[in-house]
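Asker: For reference, the structure I am asking about is given below.
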Amino acid sequence: MVGRKLAAALQAGDVVLLYGDLGAGKTAFVKGLAEGLGVARDEVSSPTFTLVQEYRGGRLTLFHVDLYRLNDPREVDDLGLDEIAEDGVLAIEWAEKLDARLKPSRSFDVRIEHGDGDARTITVSG
């Protein structure tokens, strides 16, 4: 629900930086973003092994990146994220792995924390 609402405010070049523990719901949040942009939520899967997924067909193209498996800042640089973000919305899981100089000027920080049971606390800033 929060992802769908945020999607309504997004424009080309925007970046959504996702923070949260393993299993916190970062990919579920991106499914909401996709839905809010007009992409079927069931098309979205975790890009843990492919690193970057691209979803077209909505109001804007959604680029979904997962930095979980990257440990060297040069690997992140090699993805060319600054260029990807120009033509659509870029959602980055494990954004804490980004070098501060790579963080875009128009971005939204989304922090997802575990609550009781299946509850989550989601904080959006930016």
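Labels used: A, B, ... for chains in the order of the structure tokens, numbers from 1 for residues in each chain, and numbers from 1 for ligands as shown.
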Report as a PyMOL selection string: the residues of chain A with a DSSP assignment of alpha helix (DSSP H), based on the backbone of this structure.

Answerer: chain A and resi 2-9+26-37+73-78+81-84

Asker: Quick one: everything within 7 Å of range 10-15 of chain A, counting only C-alpha atoms, minus sequence neighbours fewer than 6 positions away in the same chain. Send it as a count of residues only.

Answerer: 11

Asker: Go through A:Ala8, A:Val2, A:Ala40, A:Leu17 and flag the residue nearest Arg111 in chain A, using only C-alpha atoms for the distances.

Answerer: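 Among the listed residues, A:Leu17 lies closest to Arg111 in chain A.
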
Asker: Report, in Å to a single decimal, how far apart CA of Arg41 in chain A and CA of Asp78 in chain A are.

Answerer: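 CA of Arg41 in chain A lies at a distance of 28.1 Å from CA of Asp78 in chain A.
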
Asker: Would you mind reading off the distance between CA of Lys31 in chain A and CA of Gly80 in chain A, one decimal, in Å?

Answerer: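 About the pair CA of Lys31 in chain A and CA of Gly80 in chain A: they are 22.9 Å apart.
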
Asker: Which distance in Å separates CA of Thr27 in chain A and CA of Arg74 in chain A, to one decimal?

Answerer: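 Separating CA of Thr27 in chain A from CA of Arg74 in chain A is a distance of 24.1 Å.
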
Asker: Run DSSP on the backbone and grab whatever in range 5-80 of chain A lands in strand (DSSP E); send it over as a PyMOL selection string.

Answerer: chain A and resi 15-19+52-55+61-66

Asker: Report as a PDB file with N, CA and C atoms, in the first residue's frame all protein, DNA and RNA residues lying within 10 Å of range 42-48 of chain A, evaluated on only C-alpha atoms, omitting residues in the same chain fewer than 6 positions from it.

Answerer:
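Everything below was put into selection19.pdb:
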```pdb
ATOM      1  N   LYS A  26      11.527  -5.658   1.568  1.00  0.00           N
ATOM      2  CA  LYS A  26      11.982  -4.724   0.538  1.00  0.00           C
ATOM      3  C   LYS A  26      11.413  -5.097  -0.836  1.00  0.00           C
ATOM      4  N   THR A  27      11.464  -6.368  -1.189  1.00  0.00           N
ATOM      5  CA  THR A  27      10.918  -6.789  -2.483  1.00  0.00           C
ATOM      6  C   THR A  27       9.405  -6.611  -2.503  1.00  0.00           C
ATOM      7  N   ALA A  28       8.740  -6.887  -1.413  1.00  0.00           N
ATOM      8  CA  ALA A  28       7.286  -6.664  -1.341  1.00  0.00           C
ATOM      9  C   ALA A  28       6.967  -5.184  -1.554  1.00  0.00           C
ATOM     10  N   VAL A  30       8.743  -3.107  -3.373  1.00  0.00           N
ATOM     11  CA  VAL A  30       8.948  -2.854  -4.804  1.00  0.00           C
ATOM     12  C   VAL A  30       7.761  -3.372  -5.611  1.00  0.00           C
ATOM     13  N   LYS A  31       7.144  -4.467  -5.173  1.00  0.00           N
ATOM     14  CA  LYS A  31       5.929  -4.958  -5.837  1.00  0.00           C
ATOM     15  C   LYS A  31       4.833  -3.898  -5.764  1.00  0.00           C
ATOM     16  N   GLY A  32       4.730  -3.221  -4.625  1.00  0.00           N
ATOM     17  CA  GLY A  32       3.760  -2.129  -4.493  1.00  0.00           C
ATOM     18  C   GLY A  32       4.096  -0.961  -5.405  1.00  0.00           C
ATOM     19  N   LEU A  33       5.393  -0.626  -5.496  1.00  0.00           N
ATOM     20  CA  LEU A  33       5.821   0.428  -6.427  1.00  0.00           C
ATOM     21  C   LEU A  33       5.414   0.075  -7.848  1.00  0.00           C
ATOM     22  N   ALA A  34       5.698  -1.165  -8.242  1.00  0.00           N
ATOM     23  CA  ALA A  34       5.366  -1.618  -9.592  1.00  0.00           C
ATOM     24  C   ALA A  34       3.874  -1.467  -9.854  1.00  0.00           C
ATOM     25  N   GLU A  35       3.085  -1.929  -8.923  1.00  0.00           N
ATOM     26  CA  GLU A  35       1.636  -1.845  -9.062  1.00  0.00           C
ATOM     27  C   GLU A  35       1.186  -0.392  -9.213  1.00  0.00           C
ATOM     28  N   GLU A  54      14.257  -5.283 -14.975  1.00  0.00           N
ATOM     29  CA  GLU A  54      13.604  -4.153 -15.642  1.00  0.00           C
ATOM     30  C   GLU A  54      12.154  -4.519 -15.908  1.00  0.00           C
ATOM     31  N   TYR A  55      11.249  -3.628 -15.509  1.00  0.00           N
ATOM     32  CA  TYR A  55       9.813  -3.866 -15.699  1.00  0.00           C
ATOM     33  C   TYR A  55       9.237  -2.726 -16.512  1.00  0.00           C
ATOM     34  N   LEU A  62      10.358   0.605 -14.448  1.00  0.00           N
ATOM     35  CA  LEU A  62      10.887   0.383 -13.107  1.00  0.00           C
ATOM     36  C   LEU A  62      12.121  -0.501 -13.221  1.00  0.00           C
ATOM     37  N   HIS A  64      14.826  -2.443 -10.940  1.00  0.00           N
ATOM     38  CA  HIS A  64      14.891  -2.994  -9.584  1.00  0.00           C
ATOM     39  C   HIS A  64      16.270  -3.627  -9.393  1.00  0.00           C
ATOM     40  N   VAL A  65      17.017  -3.092  -8.443  1.00  0.00           N
ATOM     41  CA  VAL A  65      18.402  -3.510  -8.222  1.00  0.00           C
ATOM     42  C   VAL A  65      18.547  -4.082  -6.815  1.00  0.00           C
ATOM     43  N   ASP A  66      19.323  -5.136  -6.689  1.00  0.00           N
ATOM     44  CA  ASP A  66      19.602  -5.733  -5.385  1.00  0.00           C
ATOM     45  C   ASP A  66      21.118  -5.800  -5.202  1.00  0.00           C
ATOM     46  N   LEU A  67      21.626  -5.070  -4.228  1.00  0.00           N
ATOM     47  CA  LEU A  67      23.072  -5.010  -3.990  1.00  0.00           C
ATOM     48  C   LEU A  67      23.546  -5.993  -2.924  1.00  0.00           C
ATOM     49  N   TYR A  68      22.678  -6.872  -2.460  1.00  0.00           N
ATOM     50  CA  TYR A  68      22.982  -7.774  -1.348  1.00  0.00           C
ATOM     51  C   TYR A  68      24.276  -8.554  -1.549  1.00  0.00           C
ATOM     52  N   ARG A  69      24.495  -9.085  -2.718  1.00  0.00           N
ATOM     53  CA  ARG A  69      25.655  -9.954  -2.971  1.00  0.00           C
ATOM     54  C   ARG A  69      26.924  -9.193  -3.340  1.00  0.00           C
ATOM     55  N   LEU A  70      26.843  -7.880  -3.469  1.00  0.00           N
ATOM     56  CA  LEU A  70      28.019  -7.092  -3.846  1.00  0.00           C
ATOM     57  C   LEU A  70      28.727  -6.568  -2.606  1.00  0.00           C
ATOM     58  N   GLU A  93      17.552  -2.166  -3.518  1.00  0.00           N
ATOM     59  CA  GLU A  93      17.562  -2.878  -2.242  1.00  0.00           C
ATOM     60  C   GLU A  93      18.993  -2.937  -1.717  1.00  0.00           C
TER      61      GLU A  93
END
```

Asker: List as a list in words the protein and nucleic acid residues near Ile122 in chain A, meaning an atom at most 7 Å away when only C-alpha atoms are counted, but skip any in the same chain fewer than 3 places from it.

Answerer: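 My list of contacting residues is Val110, Arg111, Ile112 and Glu113 of chain A.
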